[in-house]
Structure formats: C-alpha cells, structure tokens
4 protein chains.
Amino acid sequence: MTQPKKVVLAYSGGLDTSIILKWLQVEYGCEVVTFTADLGQGEELDPARKKAEMLGIKPENIFIEDLREEFVRDFVFPMFRANALYEGLYLLGTSIARPLISKRLVEIAVETGADAISHGATGKGNDQVRFELSAYALNPEITVIAPWRKWDLGSRTRLLEFAEAHQIPIAKNKRGEAPFSVDANLLHTSSEGRVLEDPAEEAPDYVYQRTVNPEDAPDAPEFIEIAFEKGDPVAIDGEPMSPATLLARLNDLGGKHGVGRLDLVENRFVGMKSRGIYETPGGTILLEAHRGIESITLDRGAMHLKDELMPRYAELIYNGFWFSPEREMLQAAIDHSQQHVTGTVRIKLYKGSARTVARWSEHSLYSEAQVTFEEDMGAYDQSDAQGFIQLNGLRLKLLATRNRKFEG
Amino acid sequence: MTQPKKVVLAYSGGLDTSIILKWLQVEYGCEVVTFTADLGQGEELDPARKKAEMLGIKPENIFIEDLREEFVRDFVFPMFRANALYEGLYLLGTSIARPLISKRLVEIAVETGADAISHGATGKGNDQVRFELSAYALNPEITVIAPWRKWDLGSRTRLLEFAEAHQIPIAKNKRGEAPFSVDANLLHTSSEGRVLEDPAEEAPDYVYQRTVNPEDAPDAPEFIEIAFEKGDPVAIDGEPMSPATLLARLNDLGGKHGVGRLDLVENRFVGMKSRGIYETPGGTILLEAHRGIESITLDRGAMHLKDELMPRYAELIYNGFWFSPEREMLQAAIDHSQQHVTGTVRIKLYKGSARTVARWSEHSLYSEAQVTFEEDMGAYDQSDAQGFIQLNGLRLKLLATRNRKFEG
Amino acid sequence: MTQPKKVVLAYSGGLDTSIILKWLQVEYGCEVVTFTADLGQGEELDPARKKAEMLGIKPENIFIEDLREEFVRDFVFPMFRANALYEGLYLLGTSIARPLISKRLVEIAVETGADAISHGATGKGNDQVRFELSAYALNPEITVIAPWRKWDLGSRTRLLEFAEAHQIPIAKNKRGEAPFSVDANLLHTSSEGRVLEDPAEEAPDYVYQRTVNPEDAPDAPEFIEIAFEKGDPVAIDGEPMSPATLLARLNDLGGKHGVGRLDLVENRFVGMKSRGIYETPGGTILLEAHRGIESITLDRGAMHLKDELMPRYAELIYNGFWFSPEREMLQAAIDHSQQHVTGTVRIKLYKGSARTVARWSEHSLYSEAQVTFEEDMGAYDQSDAQGFIQLNGLRLKLLATRNRKFEG
Amino acid sequence: MTQPKKVVLAYSGGLDTSIILKWLQVEYGCEVVTFTADLGQGEELDPARKKAEMLGIKPENIFIEDLREEFVRDFVFPMFRANALYEGLYLLGTSIARPLISKRLVEIAVETGADAISHGATGKGNDQVRFELSAYALNPEITVIAPWRKWDLGSRTRLLEFAEAHQIPIAKNKRGEAPFSVDANLLHTSSEGRVLEDPAEEAPDYVYQRTVNPEDAPDAPEFIEIAFEKGDPVAIDGEPMSPATLLARLNDLGGKHGVGRLDLVENRFVGMKSRGIYETPGGTILLEAHRGIESITLDRGAMHLKDELMPRYAELIYNGFWFSPEREMLQAAIDHSQQHVTGTVRIKLYKGSARTVARWSEHSLYSEAQVTFEEDMGAYDQSDAQGFIQLNGLRLKLLATRNRKFEG
C-alpha cells in the first residue's frame, strides 16, 4: 500500500473511532475526512461534529448525513421481500447496514478527492469483510485502511495511553471496558462479546436495550394492520408512512411488546462461531406480516422458488456480497415475484410474539370456491385427483417393481 | 380397476369411515379389513373395535395398533433433523403421519391377502396423494380405493341417508356438520374448513384444542433442558425418555404455555390455497431446541447446506414423497450431518413462545479462544483477514473495472 | 365440459390433424379454425391451406403464420442464455416450441370468438401438458380438447377407417405406420417410437434427417466466429443476422459437420422413461459458443449461480411451465447476468463436434496481468493467499479438533 | 509460525521441488522427508529416489508410493458418481488428486514425527488451497510451508542461481522456461501458462500430450462396452478390471480417438480467471457412459436432485473442500442413489467424440410397455393425463384469473 494522502473515515464520534482518526493523522500524516451517518442508531450526531472539529478536522471535511429513508427503502425493504433469515433465525440487521455506509464512504472519497477509506471494524468480525467487499465492488482502486488489523494498540491499556498521549477526551464510563459491544441501526440492536461470550450462560437482562422483557410487556394483546404494496409495507392501521417512519413505528410497537429478541450462536464468514443477542422488534413483525401477505397473493411456484433461494440470498448479505452480481440476480428474481404482493395483514402482538391472525387482498389467489368443504358448484373436479396421483405415482411404481426384483 | 376382493381400510371408528366401510361392502361385495392406529391422536381405540365388529368385520380382520413410538422415532425425529418447515412455517404434522399409515395398510394387505386398500381422504386435499403415493411406492400392484372420489354421497344429507339406510349409528352431535374438520396425532392437531374458510377472519378460540391461549398461560416462564444425541432428543431435564414419551411431555409443556399455534394459508399440492390452524406445541419446542444444539455442534458448511436443502425436503414430505429416492437421498445427507449433534439446550417457555437461552455440549465447535474480545493468545491472526478479503474481493474488483468501461 | 361452439385447432395439414379436424366437426358439430405455424419445421404451408379448405374450413378461419423470428428471438435465445440442458444433455427443442403455439392458439381464439382449442398430442407424452399448461396460464377459461385422450380411434386401423369414411385423402405412404415419429422446428428434429423403442438397439442411420453421419462429414475442420451481444448471438463470421436466419445458418453448418446428434433415454413429466433421437446442430454450436463467451465475460458468482439454477430452469421448460412465475423469476435472474456477455467466440466444427478454440471481448474479465506466470508487477499479492486459506480453513480446523476428541 | 523441525515435502524429483527441498534445509535447518506418489502421471519414480538421496535425504525419510488404485477407487470414481463438471465442462482432474496427496503427507508426518508439510504450489493457484485445506481438515495442528508464498526466489534467474549455488543439477532443457506448465495424473493432463495465456489464441498442437488430434484419429469408429456396478465401472468389453487399470484402458482408447480435449477459461477460487488445456480421455468416456447407464436405471426424482446438487459438489471439489462435511453430505446423497446403477453402455468413439449408442440393464426402469406407440394393454391409462394436467394447471388458472383483474 502506498501512503494515503486523504482518508474518509467512518466516524461515530465515539472513543474508538476518535482514536482511529488521530492514528490516521499520526501514522500517515494524511488529511482525514469524517463521515457520520444516521441510520437510526438512536444517537445524536451533533457531538460527532464537535468532536471531529476538536480533533482538527476542517468543516468541509465533516460529513454528517441522515440516511434513514435510503437505508430502509433501498436496503431493508428489498431484503425483506426475500424473507431473508441467516441460519434460519437472524434478520441480518448489522449486515444490511454496511453496504450503504461503504457506498457513501466511496462516494465521499470521490467528492473530496480522497484516495482511501477507513473503518473501525476489528480483524475478527464480519463487518470488515462487508465494508471492504462493498468498497471494492464500487471502486476497485480504493485503498481501505483497517487500523485494527494494522496497529499495535491491541489492548485496552494501549488504546487509552494513545488517547491520553494525543489528548483525546475519554468519557469516564469508557475507562473500563464495556461489558459487551453494541451495534445499532433502525433495523436492530446487536450485542456481543465479554459477558455474552459463554453460550451456556443466559444473557443478563441489562443487555437488552430496545425491547422490554416479555414478562414486563402489557398483559393485553395489541392488534395492528399492516398494508403492503408490491411487497413493501406502506401503512400501519390505515396510516401511510415513509419507509423509515414505518419501521420506526413497528420498532416502538414491537419493543413495547417484547417482540424480536434473539439469542443466537452463528457462524461468521471468517470461520468461527460467535454468540450474539439481537433485538429486531420491527423487523420481526415485518417478516411475519410479509409472509402473511405473500401467503394469499403469491403463487406456489414463486413462493417455493423464493424459499429455496432464500438461504443463499441471506448468506450473500451476511458475508458482505450485497454489491455482487449474484445477489443482484437473486434480487431480480425476488422482485419479479412481488408484483401482486399487495394487501393487508392483521398481526397480534403479545408478550414477545407477533402472529398473523388475518389477511386479505384484492390480489388474493385464495379461492374459497376451490377449497370449500361445501358443494363447490363444479369449481374443482375431484376426479382429476385420480389422474394426478396416478401419473405422479407412475415412476414410483416402476421403481418399486424394479427394486423388488433385487430384494430378498 | 378390477373388482377388489378384500380391502384394508384405514378406519378411525368415526362416522365417515364407518360409512366407507359399509359402502365398500355394498359397492364391491368385498371383505373388509379394518386398520386403526394409535398415532397419539388422543382417542380411545376400543370403540373402533366394537364398531367394526358391529359392522360385521371378523375379529381376525380387525387390526388395532399402537404406532406411537415408531411414528416418532422413524418419521417425526428424522424429519426434525432437517429442521423442516413447509412454506417457512408449517411443521408438517399431518404430512408426516400418512406414510406410516400407508405402510401398515400395505403390510396388512400382504398379511391378510387383500388386494386393495382404502382411505377416507377427500379428492380436494393432500392426504389422498400422500396415502396413495406411499402405497404405490411400497407395493406397485396395490389397488387404492378412494370413496370420496367415487361415490355419489357428496353432500352431508346423502351421507346421513346412507348411514341410516345401513343402520350405522350416528352420534347426536354428528347430525349437523362439524364447524371445522380436525386431524390429530402425537405431533399436532390441525383444523380447517367451514368456520375457518375465510382467511380474513380470525380463527375463533374454540378451534384450539391442544394449547391454551397464550393470554391464559402461566404468568411465570418455565425453563426446561432438552438433551440431544446425534440429532435426536433423548431426555428432558435429565430424565431419559422414549421418543413418543418425550414428544408427549413436550406437548404437555408447550400446550400449557400456549406454544405452537399457527394460523396459515398454505399451498396444497393439488393446486389451491387452503387455510389451516395448526397446534404443534412439542414440535415447536423441538425445532427451536434442535436449531439451538446445532448452532454450537454443526459446522457452517453442513448447516448452510442443510438450510438450502430444507425447503425441498419439506416440500417432498408435504407432497407425499416420503418413500421416494430423492427424500431418502436428502435424508442420507442430513443424517450424515448429525453425528455430533449432541448436547443440551435450555429453553424458556412463556406465553406462546419457546426460546433458546443457553446451550452446551462436549461436541461444541464454539471456541471462546477464537472469538474473544480479550487477548486471544494467538488463536486467531487478525492479519489473515487482509488476504481473505483481498482474494474474496478480487473478482469484484475485476468486475468493477470492467463495468466502468461501459458506464456513462 | 360443455359443448364447444368454435375450436381453434393446431393444424399441420397432415393426416392425423386432418382426422382431428373432421372428428371435431363430427363429434361437436362445431366450427373449426385452423392454425398452422411455420416454426422452421421445413415443410411447405400451402398444402395445409388447401387441405383445410378441402375439409370445409372457411378462408377467414384458416390461419397460417411464419413465427420463425418470434420463436428464435423470444423463446430459443432466452433459453440459451441459461445454457439449459434437461438431464444434462437435451437441448429442449420440442419443449420450447409448444408455449408459442399455445400462445397463438389462445390469441386466435380471442380474435375469432372461439371457446376452445385443440391439439394432436397423445395422452402419453409431454406435449399435451406443455400445450395445455401454457393455454391455461394465458387464458384460464379456455377449453382444451385433446382428441387422443377422448376418442375411440386409438388404433391405426380405426383411424384410417374414420379417414376413409369421411373422405379424408390418405397419402400412399401413410397407409402403413411410419417406422418412427418425428417433430421438427428451427431448433431441432426429434425422432421417437417404434424402431427406436428398444434403448439397447443402436438407432438406424435412416432416422437422422438434419445431420450427416460424422463419418460422412468433411475431412477438414471448419472454423466459424460467432459474435454475441448481451447474451444473444448476432453475427456469424462478421455478418449480422436476424435470430432465425442465424440459427438456420448454424443448422446448415452443424448439419454438414454431423454436429448435434443425441441418443437419449429421458424421463417424461408424465412418469415414464422414453428414448429419443435428437438432432440439434445449430443449438449444439450455440450452447458451446455461449459458454465460451460467458467464460470470459461473466463473473464467477453469476456463473455459478446460473449453473445451480439451470437444472430447475430446464425442468420447468421441459415440464411445460414456460408461462409460470417461477420460470419468469429465473429468467429475470439469468437475463440480469447477460448485460456484458458480449464478444466473439471461434468454434471448430469437425466430424460431429463443435469446440471453442478462442474467445475475445472488450468486456472480458480475464486479466493476463493477474494470472500470468511471469512477473505481474504487483497485480496480485501472493501473500494474500495465506490469509485466504487460513480463514477458509479455520472452521475445518475447529471441526477436526472436535472430531478427534471422539475418535478411537 | 514456529521453526519447523521436520518437514514432509511433496516431492516430484523435478527441479522446482528439488530447490524447495534444499531451501527448506537451508532456511529452517530442518530435516526433510520426501513423499513421491505415483498417481498415474506417467513418470518413473526411481529418479526421484536417487535425487532425494543425492540431496542428502536419509533412506528412511524417502517415501515413494503407488497410489493409483486408491486414487481411482476412493476419489475419481466417487466423483464420477456425481457426474461432476466444474463450470459445465471441466472434469476436475487436478482438483481431485490434491486431497489424496495431502492425506498421505499428513499421515507420513505422523509416522515420521514431522511437524510440518510443504508443497510446491504457487500463491496464485487453486492447488495451494486444496493442499492446505485438506491438510488442516485432517490435522488441525499441522504446519504447512508454501515456499512460493515465502521466499524471494520469484524469478527464474533467482531460482537457477539458488540451484547452482546449492549444487542442484539442472537438466539442460530446464535452463530456459518451459513454454507452459503441466500437471498430470491418471485422470488427466492439464496445461496452462505462458503460450496459453491469451485465450484469444488457439492452443498450439504441441501442447497436447495424451490425445491425438481428432484429425489424426482413426477414420473408423470404435465401439466399446462399459459395465457398471452400483455406479462404478467394473469392466470393458466384458473384461473385469481394477479401477486404475480400467481408467488407464479408457485413457488409451480415448487418447487414440482424440477424445477428451478441452480448452477452457475458468474461474479460480482465488479470484481470477485462467485458461487451461485439459486432456481427460478416459474421464470423458466415463462421464458419457455413466450418464448413459443412469438414464435407464435411475429414477427421475433421484436424477434431477443429483443434477441440481452437482454444480455445488463440483465447486466444493474445485475449491479444495473434499474433506468437508458438506462434500461428505452430498456424497452420502449421491451414493445412496447409485444402488441400482448397474448395467452396460455401448459407446462409439470417433474423431474426438464419445457417444452413447445403446444401454441395457436388468435394473432398467425403462418400460417399453408404458411408452410404446403400440397398443399398451392397459399399462398406461391416457385419461389419467387429464387430471394430471388439470391439477398441475389449477394454480396457473387461479393466477391468470387474478392477474387479469389488474391488466389493461
């Protein structure tokens, strides 16, 4: 790697990325551009600006942006069209945010004439991979600096020494190590590490930040109606909302009812297993509702193909291949299926669960005439089943006849 | 079809299969053998014997069998090794019982010298397909008689007239039509039809038979520990149990906590959508626990392959292809993966949900040394991630370089 | 089925469909509309018109159309973008023609106010399924009449008696039965039945109609260059051609060199195995060339995903599901991948084979700088491979460590 | 990496691995064990022993083994059961040999008390990955030394200087660089690099080593019969042979007829495209014959599942994951399908191609009774097709009815 001249840093304003900021200045003598995005993590962004200024970043090099609508509209919703679950359970809340951050880092690099970008992800996790693969897919010449894989500040003590040596203010509660590590955005909060490292130990209640304990949730269920258009949610209880507003509302509702907690041991792309606590209140409701509306509006062939493609699709996002031809191909297939996924689902929220209890749509494929136990007026000819079974069974009969010849 | 001489009938002892029994005698003048299985549906079998006798069946032609252990050990547990879910949600409780019934029907036909079997499934549903494909796969020469596709007793009135004409006793509460139709076994209870036919209407509470309403479940959570060996559950809270005993215990636990209710619109193999209410309390706990123990004992490659194969596997079972080479091939792959799926999972049951909160195993692949946020003593070399990302990204870089040439 | 009033018949002008024409008139007393399409089967269409007139069809009810360009452009080429092969070998020449015929049958029914369509496919084959599923997908109310499944003219003798009784002229060489049955269009000729029914017997040479025996092909190889744009062939040896013209030219070239013969036992959708002799000279060249151009222009991720989806895609077309959501979803994914599949492939034709010997493209992803055995000037850092292997191997190491604990 | 004490080297006896041998001694001062395997590459192994001795290797540290039977029986044949083709065309001749070499390296390390193994694969290719992943999967503690990724002997000049400085004899024809690089074993010969690096240039004829140019092959075709048992070939023209003998015989036959040449641009696991010339004469015949025998003995469900799994299976082998749970799972599924893949296939070899012309088996599922154009005596009831089509079409009708509501 040649010496970078100007680096765009994904900057949260926190201690770790402030240390990185300073380290980049010290190590490379380069100009630093900070990029701080509001993805719905629930933190004020103003302090990030002030801190960046204090660390000597020129005002024109400080980028602070509200990406919540783009995040939900162009990343979260397309992913939910696929009913994506990694390893059967994880709603990919962290994975789906990384490509958008990389996209802006790379774009800001062009805007500011920077030749490198930098991020604060460690060398053990998936996020480094997601940041960097996204960046390379968008700009093959970009240099990516991952300080955690390069520097010698591996221990907490060394980090704090560096901070002190460079007059980076350290909040009192950051002196000691946090009991666990957190990532948050509008889709979820994830917690991992330290007190959570033993998967045989139940996660302590103080880990949860976005959802109440189901035991503490209201004793009465709450029913909501989510309206979809072409696979995306557009309204709650009849009130149209923008993507980010709608997801925020679902988060409130889900959080209040203790919906969307997940305690998972998962397989990282870099090869080891890790344990995470995820809270995805709105996303959990959304998955249930999307499955609900698909159940009456999607053809069987389309649904089963989607179900078979889904694990691969989820794996691609988890592994950092959002900006890859194969993810885009799968998205093209999935999006094609959503043309008529329009209608409304009624969901019951209660003490940690979100369940579809009713669904209706002008686009419904459900045919009471076909399925009814009552006289169906010829909608369905039961004698057709005879031929259907005979021809589906023909190869099995031939097989059984053959196999018999070679048995006992 | 040539005239059958002796027919083995899947006989529940209820009104409908009693009518079928009589109809077979009348229509074909043939001898009827009845087969009544205890699959854990929760009904006494003695009345079935008495009723069969009353309808003129010779004692040696009455087969009543307790198949609960075989059902759970050879059908339910192998299926749960796959984490099988049809259309993302359905635990296949009805589908998995049919092949076993067909297997015994075909075997009894051989034992008794019968040339045909018969069942009471209608011409609109999946069960006829499952019964018949299983039968043909096991005995290609067997004749299957499906009265519902043949007779002219399509309406309730005609059925009752036939019953009366042939002196089949009709329980008082069977005069009117049942408000919905039920199938039950040790894995689940399913309800469908009539009052449930409008998917926009919430299912009335009286439909549920095996689970309490979550609102009525205990206010305190209950924790249980399920031990697995090679992919199958073998003990609860340290107490070893036979397969059927274990599943029954899980049903009690789940039912008490309102776990395992599902309101689903699904796609039938015969081509239409139908709406079902499923209660699978034990199975729901089992799926969660099996995923939990796999999460620490199964390698990523094995797990992801399983996840990709699962929808196909579930579809095969749903469609009636249990006894098919492709289901057996998938089973061989799945079973191969379960060698080390041994250990214990702690599950929290509360108000309708069952969640893994801890898991441990001597076979665990989870490595705290690898994943730790603390100093890892060289277990993992963070600099390896650099090359890993570079080579995973190489094709994306080449692609981006190429694509750029052809953009604006 | 209610009595049809007006039926559109897929009419070849041959004896069998002439008998069907008359049978429809006699059986239903209905008006018949004939539809005869030129799909490149290599027969004159004028006789079909004359024969239809002779059988009493009104001029305005005789539809004769040249569909060759539409066939190749909208059906054959999209299918070849997928490199579709059924059961590893069959290029789907018959399967891909049926949806287009059904599409026109259904459209002509609307134009002429007909309420039914009819075809001459037998009850044992795949074509009936393909015709009818296509028709139902395009017009759910259409009635389809399949005389071979209905009439009592099952034997050759009865057919000829019917023809004579109704004054349908019988060509001399049609008195006896043909030694095998043929289907042909611009993509292929297929032969099956009678002399071909024993798969242990080599097909006699007189079966082949479109390709010379490789032994009789020229002793010198011939080289051709096929240019592609976005996945479709557009020129041969620098000469731009329309789709049908190009395929016809490839057929001439392939036929001359004995390319594209296939002797296959395949699995029909209706459940039995059948043996067919296929000649697909142009298509065989096209598949080779398309793979050739993809090899340098398609990213690995896209290619491998295509390869995994292909068998399903081919099966859908074979089974008659061209007009289905799942085929369209797969097509959307495949088409998305073809954006840069542009360039030229050099093919060697010789004695029965067509082999790629060179390929080049401005859109190439092949990087000599990356791959060279020579000094690569830093294009590729070999030390990256270390980390790549370590992290790909990490899970295997953890697995081996675990497994060891439980081995002897 | 700690300093290795004793290293097992995959040693060919050639210049490059002799340099590596010396470099290991010089660089680490360690003891070297040489392992030279006969995998059918067609070279004498005695010179390797002499050269090793000359370079100071103790006799007890020289391992020379004939692994041909194990290679074909335990690696090649299982792979051919899957009809494995990487990227649609490549028979994986190099990929499949690596795991066996690694297996023996690791075993010899145990036997000799070595703590490391070493190989001569470069940092740009797939082989390093295959060697090392196999090794780690078999012995997680083994150290692997890949000199090409470590040393500073990257140029030909430096290598020769090192050889001269350490008195390693250099054959005259090795002074200049070879015009291309070769790998060979009983399954194939592959050639790549240098004169082959431009994929737009046809490969010169002198590259081919194991097959004659089809133009130079005999002018008369040759017919052979290959007998299979449970998916593996066991005899040619009635003569039973051991696996390696059989494959060698097929190589002779194929080579003589110019069968099995492939000019391919493929995607390496490490991220770039490369061009290779492969000659797989026996393997090409074997694939054709295996497909041929499967076509009559394998059920459709099994065959289609195999076809769908194959690309993944081939990719796993190509990428070096032979010893992985997911490859073993797929193998379990594939092997399960081969129980009845027994019978004989007749193949025509002629001028570069190998084509099935006949096949027969006592295990055949082909039923002339079912498929015949003649009167079938009731083997197949054509009216069954009606119901089969209706129920397969039902969802398409419901879909078309729905979609119409929202069109024009």
# chains A, B, ... in the order shown; residues from 1 in each chain; ligands from 1

$ select_by_dssp --residues "range 185-377 of chain D" --states "helix (DSSP H, G or I)" --output "JSON, numbers by chain"
{"D": [194, 195, 196, 205, 206, 207, 214, 215, 216, 243, 244, 245, 246, 247, 248, 249, 250, 251, 252, 253, 254, 255, 256, 281, 282, 283, 284, 285, 286, 287, 288, 289, 290, 291, 292, 293, 294, 295, 296, 297, 300, 301, 302, 303, 304, 305, 306, 307, 308, 309, 310, 311, 312, 313, 314, 315, 316, 317, 318, 319, 325, 326, 327, 328, 329, 330, 331, 332, 333, 334, 335, 336, 337, 368, 369, 370, 371]}

$ select_by_dssp --residues "range 26-97 of chain B" --states "strand (DSSP E or B)" --output "PyMOL selection string"
chain B and resi 31-38+62-66+86+90

$ residues_around --residues "range 352-369 of chain A" --least-positions-apart "2" --cutoff "8 Å" --atoms "only C-alpha atoms" --output "JSON, numbers by chain"
{"A": [213, 214, 217, 257, 258, 259, 260, 261, 284, 285, 288, 289, 292, 293, 296, 297, 298, 299, 340, 341, 342, 343, 344, 345, 346, 347, 348, 349, 350, 371, 372, 376, 377, 379], "B": [197, 198, 199, 200, 201, 202, 203, 262, 263, 272, 273, 274, 352, 353], "D": [398, 399, 402, 403]}

$ interface_residues --of "chain A" --to "chain D" --cutoff "6 Å" --atoms "only C-alpha atoms" --output "MDAnalysis selection string"
chainID A and resid 384:385 387:388

$ write_last_selection --atoms "N, CA, C and O atoms" --output "mmCIF file, in the first residue's frame"
data_model
loop_
_atom_site.group_PDB
_atom_site.id
_atom_site.type_symbol
_atom_site.label_atom_id
_atom_site.label_comp_id
_atom_site.auth_asym_id
_atom_site.auth_seq_id
_atom_site.Cartn_x
_atom_site.Cartn_y
_atom_site.Cartn_z
ATOM 1 N N ASP A 384 -60.313 -35.380 -11.043
ATOM 2 C CA ASP A 384 -58.992 -35.031 -11.581
ATOM 3 C C ASP A 384 -57.867 -35.564 -10.701
ATOM 4 O O ASP A 384 -56.771 -35.844 -11.180
ATOM 5 N N ALA A 385 -58.159 -35.672 -9.415
ATOM 6 C CA ALA A 385 -57.107 -36.107 -8.493
ATOM 7 C C ALA A 385 -56.632 -37.519 -8.825
ATOM 8 O O ALA A 385 -55.453 -37.851 -8.616
ATOM 9 N N GLY A 387 -56.123 -39.004 -11.770
ATOM 10 C CA GLY A 387 -55.066 -38.977 -12.776
ATOM 11 C C GLY A 387 -53.814 -38.298 -12.261
ATOM 12 O O GLY A 387 -52.682 -38.709 -12.557
ATOM 13 N N PHE A 388 -54.021 -37.261 -11.479
ATOM 14 C CA PHE A 388 -52.885 -36.532 -10.903
ATOM 15 C C PHE A 388 -52.021 -37.472 -10.067
ATOM 16 O O PHE A 388 -50.806 -37.506 -10.183
#

$ atom_distance --atom1 "CA of Thr122 in chain D" --atom2 "CA of Arg149 in chain D"
6.7 Å

$ residues_around --residues "Glu111 in chain B" --least-positions-apart "3" --cutoff "12 Å" --atoms "only C-alpha atoms" --output "count of residues only"
14

$ closest_residue --among "A:Glu222, A:Asp252, A:Asp152, A:Glu53" --to "Glu27 in chain A" --atoms "only C-alpha atoms"
A:Asp152

$ residues_around --residues "Ile168 in chain D" --least-positions-apart "2" --cutoff "8 Å" --atoms "only C-alpha atoms" --output "PyMOL selection string"
chain D and resi 15+18-19+55+163-166+170

$ residues_around --residues "Gln128 in chain C" --least-positions-apart "3" --cutoff "12 Å" --atoms "only C-alpha atoms" --output "PyMOL selection string"
(chain C and resi 10+94-95+98-99+101-102+118-125+131-135+144-149+268-270+318-320) or (chain D and resi 382-383+385-386+388-390)

$ write_last_selection --atoms "N, CA, C and O atoms" --output "compact mmCIF listing (two decimals), in the first residue's frame"
# COMPACT_ATOMS: atom_id res chain seq x y z
N ALA C 10 -54.62 -26.69 -33.68
CA ALA C 10 -53.23 -26.65 -34.15
C ALA C 10 -53.12 -27.66 -35.28
O ALA C 10 -53.12 -28.87 -35.04
N THR C 94 -38.14 -29.57 -28.61
CA THR C 94 -39.60 -29.67 -28.72
C THR C 94 -40.27 -28.82 -27.65
O THR C 94 -41.22 -28.08 -27.91
N SER C 95 -39.74 -28.93 -26.45
CA SER C 95 -40.37 -28.25 -25.31
C SER C 95 -40.54 -26.75 -25.53
O SER C 95 -41.56 -26.18 -25.14
N ARG C 98 -43.62 -25.43 -27.88
CA ARG C 98 -45.03 -25.59 -27.52
C ARG C 98 -45.67 -24.32 -26.96
O ARG C 98 -46.82 -23.99 -27.29
N PRO C 99 -44.99 -23.61 -26.07
CA PRO C 99 -45.64 -22.42 -25.49
C PRO C 99 -46.03 -21.39 -26.56
O PRO C 99 -47.08 -20.75 -26.46
N ILE C 101 -46.88 -21.96 -29.71
CA ILE C 101 -48.07 -22.44 -30.41
C ILE C 101 -49.32 -22.20 -29.56
O ILE C 101 -50.33 -21.69 -30.03
N SER C 102 -49.21 -22.54 -28.29
CA SER C 102 -50.36 -22.31 -27.39
C SER C 102 -50.72 -20.83 -27.32
O SER C 102 -51.90 -20.47 -27.30
N SER C 118 -57.68 -27.00 -29.65
CA SER C 118 -57.45 -28.45 -29.74
C SER C 118 -56.07 -28.71 -30.31
O SER C 118 -55.52 -27.90 -31.06
N HIS C 119 -55.49 -29.83 -29.90
CA HIS C 119 -54.15 -30.18 -30.39
C HIS C 119 -54.08 -31.68 -30.63
O HIS C 119 -54.94 -32.44 -30.14
N GLY C 120 -53.06 -32.11 -31.34
CA GLY C 120 -52.95 -33.51 -31.72
C GLY C 120 -51.97 -34.32 -30.91
O GLY C 120 -51.54 -35.39 -31.34
N ALA C 121 -51.63 -33.83 -29.71
CA ALA C 121 -50.67 -34.57 -28.88
C ALA C 121 -51.35 -35.74 -28.19
O ALA C 121 -52.51 -35.64 -27.78
N THR C 122 -50.62 -36.82 -28.00
CA THR C 122 -51.21 -38.02 -27.39
C THR C 122 -51.25 -37.90 -25.87
O THR C 122 -50.68 -36.98 -25.29
N GLY C 123 -51.89 -38.88 -25.26
CA GLY C 123 -52.05 -38.87 -23.81
C GLY C 123 -50.88 -39.43 -23.05
O GLY C 123 -50.89 -39.49 -21.82
N LYS C 124 -49.84 -39.84 -23.76
CA LYS C 124 -48.68 -40.43 -23.09
C LYS C 124 -47.49 -39.49 -22.99
O LYS C 124 -46.51 -39.81 -22.33
N GLY C 125 -47.60 -38.39 -23.72
CA GLY C 125 -46.40 -37.59 -23.89
C GLY C 125 -46.38 -36.32 -23.07
O GLY C 125 -47.30 -36.02 -22.30
N PHE C 131 -48.77 -27.94 -24.06
CA PHE C 131 -49.82 -27.17 -24.73
C PHE C 131 -50.83 -26.64 -23.72
O PHE C 131 -51.20 -25.48 -23.74
N GLU C 132 -51.26 -27.51 -22.86
CA GLU C 132 -52.41 -27.16 -22.03
C GLU C 132 -52.04 -26.24 -20.87
O GLU C 132 -52.76 -25.31 -20.56
N LEU C 133 -50.90 -26.51 -20.23
CA LEU C 133 -50.50 -25.60 -19.15
C LEU C 133 -50.26 -24.20 -19.71
O LEU C 133 -50.64 -23.20 -19.10
N SER C 134 -49.66 -24.12 -20.88
CA SER C 134 -49.45 -22.80 -21.49
C SER C 134 -50.79 -22.12 -21.76
O SER C 134 -50.97 -20.93 -21.48
N ALA C 135 -51.72 -22.88 -22.30
CA ALA C 135 -53.02 -22.30 -22.61
C ALA C 135 -53.74 -21.81 -21.34
O ALA C 135 -54.24 -20.69 -21.30
N VAL C 144 -59.75 -26.93 -23.52
CA VAL C 144 -58.79 -27.61 -24.39
C VAL C 144 -59.32 -28.99 -24.72
O VAL C 144 -59.67 -29.75 -23.82
N ILE C 145 -59.38 -29.29 -26.00
CA ILE C 145 -59.83 -30.61 -26.43
C ILE C 145 -58.63 -31.40 -26.92
O ILE C 145 -57.93 -30.98 -27.84
N ALA C 146 -58.41 -32.53 -26.28
CA ALA C 146 -57.28 -33.40 -26.65
C ALA C 146 -57.86 -34.70 -27.20
O ALA C 146 -58.06 -35.66 -26.45
N PRO C 147 -58.15 -34.75 -28.51
CA PRO C 147 -58.87 -35.92 -29.05
C PRO C 147 -58.22 -37.25 -28.73
O PRO C 147 -58.91 -38.23 -28.46
N TRP C 148 -56.89 -37.29 -28.70
CA TRP C 148 -56.24 -38.57 -28.42
C TRP C 148 -56.60 -39.14 -27.05
O TRP C 148 -56.44 -40.33 -26.80
N ARG C 149 -57.00 -38.26 -26.13
CA ARG C 149 -57.40 -38.76 -24.81
C ARG C 149 -58.89 -39.07 -24.76
O ARG C 149 -59.40 -39.53 -23.72
N ARG C 268 -39.93 -38.57 -18.81
CA ARG C 268 -41.05 -37.69 -19.11
C ARG C 268 -41.73 -37.19 -17.85
O ARG C 268 -41.70 -37.86 -16.82
N PHE C 269 -42.38 -36.02 -17.98
CA PHE C 269 -43.12 -35.46 -16.85
C PHE C 269 -44.27 -36.38 -16.45
O PHE C 269 -44.65 -36.45 -15.28
N VAL C 270 -44.83 -37.09 -17.40
CA VAL C 270 -45.97 -37.97 -17.07
C VAL C 270 -45.53 -39.27 -16.42
O VAL C 270 -46.36 -40.12 -16.12
N TYR C 318 -39.12 -28.12 -19.77
CA TYR C 318 -39.46 -29.48 -20.21
C TYR C 318 -40.87 -29.86 -19.77
O TYR C 318 -41.63 -30.46 -20.52
N ASN C 319 -41.21 -29.49 -18.54
CA ASN C 319 -42.50 -29.89 -17.98
C ASN C 319 -43.67 -29.03 -18.44
O ASN C 319 -44.81 -29.31 -18.10
N GLY C 320 -43.37 -27.96 -19.18
CA GLY C 320 -44.46 -27.16 -19.72
C GLY C 320 -44.78 -25.89 -18.95
O GLY C 320 -45.82 -25.26 -19.16
N GLN D 382 -54.45 -43.34 -20.64
CA GLN D 382 -54.27 -41.98 -21.15
C GLN D 382 -55.20 -40.97 -20.48
O GLN D 382 -54.89 -39.78 -20.41
N SER D 383 -56.33 -41.44 -19.97
CA SER D 383 -57.25 -40.47 -19.37
C SER D 383 -56.69 -39.91 -18.07
O SER D 383 -57.12 -38.87 -17.59
N ALA D 385 -54.00 -38.53 -17.78
CA ALA D 385 -53.31 -37.28 -18.10
C ALA D 385 -54.22 -36.07 -17.92
O ALA D 385 -53.77 -34.98 -17.58
N GLN D 386 -55.49 -36.26 -18.14
CA GLN D 386 -56.45 -35.16 -17.98
C GLN D 386 -56.36 -34.57 -16.57
O GLN D 386 -56.16 -33.37 -16.39
N PHE D 388 -54.08 -35.06 -14.33
CA PHE D 388 -52.71 -34.63 -14.06
C PHE D 388 -52.50 -33.19 -14.53
O PHE D 388 -51.97 -32.35 -13.81
N ILE D 389 -52.96 -32.92 -15.73
CA ILE D 389 -52.79 -31.58 -16.30
C ILE D 389 -53.69 -30.59 -15.56
O ILE D 389 -53.27 -29.48 -15.22
N GLN D 390 -54.91 -30.98 -15.29
CA GLN D 390 -55.83 -30.05 -14.62
C GLN D 390 -55.27 -29.60 -13.28
O GLN D 390 -55.28 -28.42 -12.96
